[in-house]
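Below: one structure, written as structure tokens.
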Amino acid sequence: MSPAGTDPVLLLCAHGTDDPEGRRVFERLCTRVAETGRVRVEPTWVDVQHPQVEEVLGRLVAAGEQVVLVPALLSAGYHTQVDIADAVAAHPGRAVATGALGPHPRLADLLHRRLGEAGARPGDTVVLAAAGSSRVEASRAVEETAGLLAARWGAPVRIGYGSAARPSVTEAVREARAETSGRVVLASYLLAPGFFHDRLVAQGTDLVTAPLGAEAEVLDVVLDRYRSAVDPLRSPNS
């Protein structure tokens, strides 16, 4: 068990990036979680950066902590279903992992806000641009997010993927251009700047929204995911 009177540690696990601003976004998100004063947060990564999830999770459990691992990833995929799942399975009863951050209504709220901040207006064609995964669950999650955003935008939202899934962002933008004479806007469904967001900017659309970043909506989702897992972890039957 965690020390008496304390809550499980929130282990926030990002993908990792070589992009300095992308790293700063994750650092800001961890800081915002810590500043709530509600939970102790520890950072880790599943790729690119160190220390990685197995090392940090093992250290925390060895110190007597219980751990709720929240993936700072927007959709399910190989990293959540294999890398993170395997790391948590090595510590039964001491660690649990939540689902990915998306889909979630608060993320759709933020995507809608980003459209307004970028200058999108009624009549624009919106393409939701996600990183992409070969896992069908990931595509379904993006489709649900597109539906949530469409309900807020008041018009259908197309989908394009940066890799692994179809249609690609390039294909989705090309189709949008062929079917409308109006503006085409890419809604960046990415957490932070980096390789994939740079590719969105290079598409030549009329507007590209900023990544989601360490905004209040993302913080809300992180804490919501954490709270959803705390009680099962505490349960003696977990």
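Chains: A, B, ... in order of the structure tokens. Residues: from 1 per chain. Ligands: from 1, in order shown.
Excluding stretch 144-155 of chain A itself and any same-chain residue fewer than 6 positions from it, the protein and nucleic acid residues within 7 Å of it, counting only C-alpha atoms, are Pro103, Pro105, Ala108, Leu111, His112 and Leu128 of chain A.
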Residues from last step as file, all heavy atoms, as a PDB file, in the first residue's frame:
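And here's part.pdb as it stands now:
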```pdb
ATOM      1  N   PRO A 103     -11.260   9.299 -26.296  1.00  0.00           N
ATOM      2  CA  PRO A 103     -12.108  10.491 -26.486  1.00  0.00           C
ATOM      3  C   PRO A 103     -12.659  10.998 -25.162  1.00  0.00           C
ATOM      4  O   PRO A 103     -12.850  10.223 -24.223  1.00  0.00           O
ATOM      5  CB  PRO A 103     -13.238   9.972 -27.391  1.00  0.00           C
ATOM      6  CG  PRO A 103     -13.320   8.508 -27.078  1.00  0.00           C
ATOM      7  CD  PRO A 103     -11.926   8.067 -26.753  1.00  0.00           C
ATOM      8  N   PRO A 105     -15.259  14.541 -23.713  1.00  0.00           N
ATOM      9  CA  PRO A 105     -15.927  15.807 -24.063  1.00  0.00           C
ATOM     10  C   PRO A 105     -15.066  17.039 -23.837  1.00  0.00           C
ATOM     11  O   PRO A 105     -15.160  18.005 -24.609  1.00  0.00           O
ATOM     12  CB  PRO A 105     -17.166  15.813 -23.163  1.00  0.00           C
ATOM     13  CG  PRO A 105     -17.437  14.374 -22.873  1.00  0.00           C
ATOM     14  CD  PRO A 105     -16.090  13.719 -22.810  1.00  0.00           C
ATOM     15  N   ALA A 108     -12.911  17.658 -26.774  1.00  0.00           N
ATOM     16  CA  ALA A 108     -13.703  18.246 -27.865  1.00  0.00           C
ATOM     17  C   ALA A 108     -13.957  19.726 -27.610  1.00  0.00           C
ATOM     18  O   ALA A 108     -13.932  20.540 -28.546  1.00  0.00           O
ATOM     19  CB  ALA A 108     -15.016  17.493 -28.018  1.00  0.00           C
ATOM     20  N   LEU A 111     -10.707  21.389 -28.618  1.00  0.00           N
ATOM     21  CA  LEU A 111     -10.565  21.430 -30.072  1.00  0.00           C
ATOM     22  C   LEU A 111     -11.432  22.529 -30.675  1.00  0.00           C
ATOM     23  O   LEU A 111     -11.000  23.260 -31.576  1.00  0.00           O
ATOM     24  CB  LEU A 111     -10.953  20.074 -30.668  1.00  0.00           C
ATOM     25  CG  LEU A 111      -9.933  18.946 -30.514  1.00  0.00           C
ATOM     26  CD1 LEU A 111     -10.592  17.598 -30.789  1.00  0.00           C
ATOM     27  CD2 LEU A 111      -8.747  19.158 -31.454  1.00  0.00           C
ATOM     28  N   HIS A 112     -12.647  22.653 -30.161  1.00  0.00           N
ATOM     29  CA  HIS A 112     -13.558  23.696 -30.653  1.00  0.00           C
ATOM     30  C   HIS A 112     -13.008  25.086 -30.320  1.00  0.00           C
ATOM     31  O   HIS A 112     -13.063  26.007 -31.148  1.00  0.00           O
ATOM     32  CB  HIS A 112     -14.940  23.493 -30.034  1.00  0.00           C
ATOM     33  CG  HIS A 112     -15.973  24.402 -30.596  1.00  0.00           C
ATOM     34  ND1 HIS A 112     -16.693  25.285 -29.822  1.00  0.00           N
ATOM     35  CD2 HIS A 112     -16.400  24.600 -31.872  1.00  0.00           C
ATOM     36  CE1 HIS A 112     -17.523  25.970 -30.592  1.00  0.00           C
ATOM     37  NE2 HIS A 112     -17.364  25.578 -31.831  1.00  0.00           N
ATOM     38  N   LEU A 128     -10.114  16.887 -38.855  1.00  0.00           N
ATOM     39  CA  LEU A 128      -9.464  16.532 -37.594  1.00  0.00           C
ATOM     40  C   LEU A 128      -8.244  15.693 -37.921  1.00  0.00           C
ATOM     41  O   LEU A 128      -8.344  14.619 -38.502  1.00  0.00           O
ATOM     42  CB  LEU A 128     -10.430  15.750 -36.707  1.00  0.00           C
ATOM     43  CG  LEU A 128      -9.896  15.343 -35.326  1.00  0.00           C
ATOM     44  CD1 LEU A 128      -9.691  16.575 -34.445  1.00  0.00           C
ATOM     45  CD2 LEU A 128     -10.850  14.355 -34.659  1.00  0.00           C
TER      46      LEU A 128
END
```
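With atom CA of A:Leu190 on one side and atom CA of A:Val25 on the other, the separation reads 11.4 Å.
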### Within 9 Å of A:Val53 using only C-alpha atoms, minus same-chain residues under 6 positions, as a PyMOL selection string
chain A and resi 11+13+43-47+83-84+87
N, CA and C atoms of the current selection, written as a short mmCIF file (atom, residue, chain, number, x, y, z; two decimals), in the first residue's frame:
```cif
data_model
loop_
_atom_site.label_atom_id
_atom_site.label_comp_id
_atom_site.auth_asym_id
_atom_site.auth_seq_id
_atom_site.Cartn_x
_atom_site.Cartn_y
_atom_site.Cartn_z
N LEU A 11 1.20 8.58 -12.15
CA LEU A 11 2.34 8.46 -13.05
C LEU A 11 1.87 8.87 -14.44
N CYS A 13 2.38 9.40 -18.20
CA CYS A 13 3.27 8.78 -19.18
C CYS A 13 3.04 9.36 -20.57
N PRO A 43 6.57 12.07 -13.71
CA PRO A 43 6.58 11.94 -15.17
C PRO A 43 7.34 10.69 -15.62
N THR A 44 6.93 10.16 -16.77
CA THR A 44 7.69 9.10 -17.41
C THR A 44 7.35 9.10 -18.89
N TRP A 45 8.07 8.27 -19.64
CA TRP A 45 7.89 8.24 -21.10
C TRP A 45 7.88 6.79 -21.58
N VAL A 46 7.22 6.58 -22.71
CA VAL A 46 7.13 5.23 -23.27
C VAL A 46 8.04 5.06 -24.48
N ASP A 47 8.60 6.14 -24.97
CA ASP A 47 9.48 6.09 -26.13
C ASP A 47 10.32 7.37 -26.15
N ASP A 83 2.93 -1.74 -24.42
CA ASP A 83 4.02 -1.25 -23.57
C ASP A 83 3.54 -0.90 -22.16
N ILE A 84 2.52 -0.07 -22.08
CA ILE A 84 2.03 0.35 -20.77
C ILE A 84 1.33 -0.79 -20.06
N ALA A 87 3.89 -3.14 -18.58
CA ALA A 87 4.57 -2.56 -17.43
C ALA A 87 3.71 -2.65 -16.17
#
```
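With distances restricted to only C-alpha atoms, A:Val88 is the closest residue to A:Glu55 from A:Arg40, A:Val208, A:Thr125, A:Val88.
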### Query
Could you write out, as a PyMOL selection string, all the residues of stretch 28-231 of chain A that DSSP marks as helix (DSSP H, G or I)?
chain A and resi 28-35+53-62+78-89+105-118+136-153+169-179+195-201+216-231
### Task
Looking only at strand (DSSP E) from DSSP on the backbone, list the matching residues of stretch 14-224 of chain A as a PyMOL selection string.
chain A and resi 14+41-45+67-71+95-97+125-130+157-161+184-189+207-208
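Our summary of the geometry notes that atom CA of A:Ala187 is positioned 6.6 Å from atom CA of A:Val126.
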### Query
From the list A:Arg227, A:Ser134, A:Arg121, A:Ser168, which residue is nearest A:Gly182 when using only C-alpha atoms?
A:Arg121
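The shell of residues at most 8 Å from A:Leu107, with only C-alpha atoms counted and near chain neighbours (fewer than 3 positions) removed, consists of Gly102, Pro103, His104, Leu110, Leu111, Glu217, Val218 and Val221 of chain A.
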For the selection just defined, write its residues with N, CA and C atoms to a file, as a JSON list (two decimals), in the first residue's frame.
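Listed below is the output, again_19.json:
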```json
[["chain", "number", "residue", "atom", "x", "y", "z"],
["A", 102, "GLY", "N", -8.20, 10.48, -24.71],
["A", 102, "GLY", "CA", -9.37, 10.60, -25.56],
["A", 102, "GLY", "C", -10.01, 9.26, -25.85],
["A", 103, "PRO", "N", -11.26, 9.30, -26.30],
["A", 103, "PRO", "CA", -12.11, 10.49, -26.49],
["A", 103, "PRO", "C", -12.66, 11.00, -25.16],
["A", 104, "HIS", "N", -12.90, 12.31, -25.10],
["A", 104, "HIS", "CA", -13.44, 12.92, -23.89],
["A", 104, "HIS", "C", -14.09, 14.24, -24.28],
["A", 110, "LEU", "N", -11.92, 21.71, -26.10],
["A", 110, "LEU", "CA", -10.67, 22.39, -26.39],
["A", 110, "LEU", "C", -10.42, 22.46, -27.91],
["A", 111, "LEU", "N", -10.71, 21.39, -28.62],
["A", 111, "LEU", "CA", -10.56, 21.43, -30.07],
["A", 111, "LEU", "C", -11.43, 22.53, -30.67],
["A", 217, "GLU", "N", -8.42, 22.15, -20.03],
["A", 217, "GLU", "CA", -9.24, 21.01, -20.44],
["A", 217, "GLU", "C", -8.45, 19.70, -20.37],
["A", 218, "VAL", "N", -7.19, 19.74, -20.77],
["A", 218, "VAL", "CA", -6.35, 18.54, -20.70],
["A", 218, "VAL", "C", -6.10, 18.17, -19.24],
["A", 221, "VAL", "N", -9.04, 16.32, -17.89],
["A", 221, "VAL", "CA", -9.13, 14.94, -18.35],
["A", 221, "VAL", "C", -8.14, 14.06, -17.59]]
```
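Our summary of the geometry notes that atom CA of A:Glu54 is positioned 11.5 Å from atom CA of A:Ala95.
For A:Ala138, the list of residues within 8 Å, based on only C-alpha atoms and with local chain neighbours fewer than 6 positions off taken out, reads A:Ser75, A:Ala76, A:Gly77, A:Gly132.
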Export of prior selection with all heavy atoms as a PDB file, in the first residue's frame:
```
ATOM      1  N   SER A  75      -5.165   8.628 -27.908  1.00  0.00           N
ATOM      2  CA  SER A  75      -5.949   7.474 -28.329  1.00  0.00           C
ATOM      3  C   SER A  75      -5.244   6.190 -27.920  1.00  0.00           C
ATOM      4  O   SER A  75      -4.017   6.162 -27.755  1.00  0.00           O
ATOM      5  CB  SER A  75      -6.149   7.470 -29.850  1.00  0.00           C
ATOM      6  OG  SER A  75      -6.834   8.615 -30.294  1.00  0.00           O
ATOM      7  N   ALA A  76      -6.031   5.131 -27.795  1.00  0.00           N
ATOM      8  CA  ALA A  76      -5.454   3.819 -27.550  1.00  0.00           C
ATOM      9  C   ALA A  76      -4.607   3.397 -28.737  1.00  0.00           C
ATOM     10  O   ALA A  76      -4.817   3.834 -29.868  1.00  0.00           O
ATOM     11  CB  ALA A  76      -6.567   2.798 -27.308  1.00  0.00           C
ATOM     12  N   GLY A  77      -3.647   2.534 -28.489  1.00  0.00           N
ATOM     13  CA  GLY A  77      -2.777   2.051 -29.548  1.00  0.00           C
ATOM     14  C   GLY A  77      -1.752   1.103 -28.966  1.00  0.00           C
ATOM     15  O   GLY A  77      -1.894   0.621 -27.825  1.00  0.00           O
ATOM     16  N   GLY A 132      -2.536   8.809 -35.710  1.00  0.00           N
ATOM     17  CA  GLY A 132      -2.818   7.573 -36.424  1.00  0.00           C
ATOM     18  C   GLY A 132      -2.185   6.360 -35.780  1.00  0.00           C
ATOM     19  O   GLY A 132      -1.132   6.426 -35.144  1.00  0.00           O
TER      20      GLY A 132
END
```
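Checking A:Ser133, A:Ser163, A:Thr98, A:Gln81 one by one against A:Tyr226, counting only C-alpha atoms, you find the shortest gap at A:Thr98.
Considering only C-alpha atoms, the residue among A:Val169, A:Val222, A:Val61, A:Val56 positioned nearest to A:Val201 is A:Val169.
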### Message
Can you tell me which residues surround stretch 17-21 of chain A at a distance of at most 6 Å, considering only C-alpha atoms, apart from same-chain residues fewer than 2 positions away, and format the answer as a list in words?
### Response
Arg23, Arg24, Val48 and Gly194 of chain A
Just the selected residues (C-alpha atoms), exported as a JSON list (two decimals), in the first residue's frame, please.
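Writing done, so here's again26.json:
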```json
[["chain", "number", "residue", "atom", "x", "y", "z"],
["A", 23, "ARG", "CA", 9.00, 18.49, -24.00],
["A", 24, "ARG", "CA", 8.09, 21.79, -22.37],
["A", 48, "VAL", "CA", 12.31, 8.49, -27.13],
["A", 194, "GLY", "CA", 6.78, 18.09, -32.91]]
```
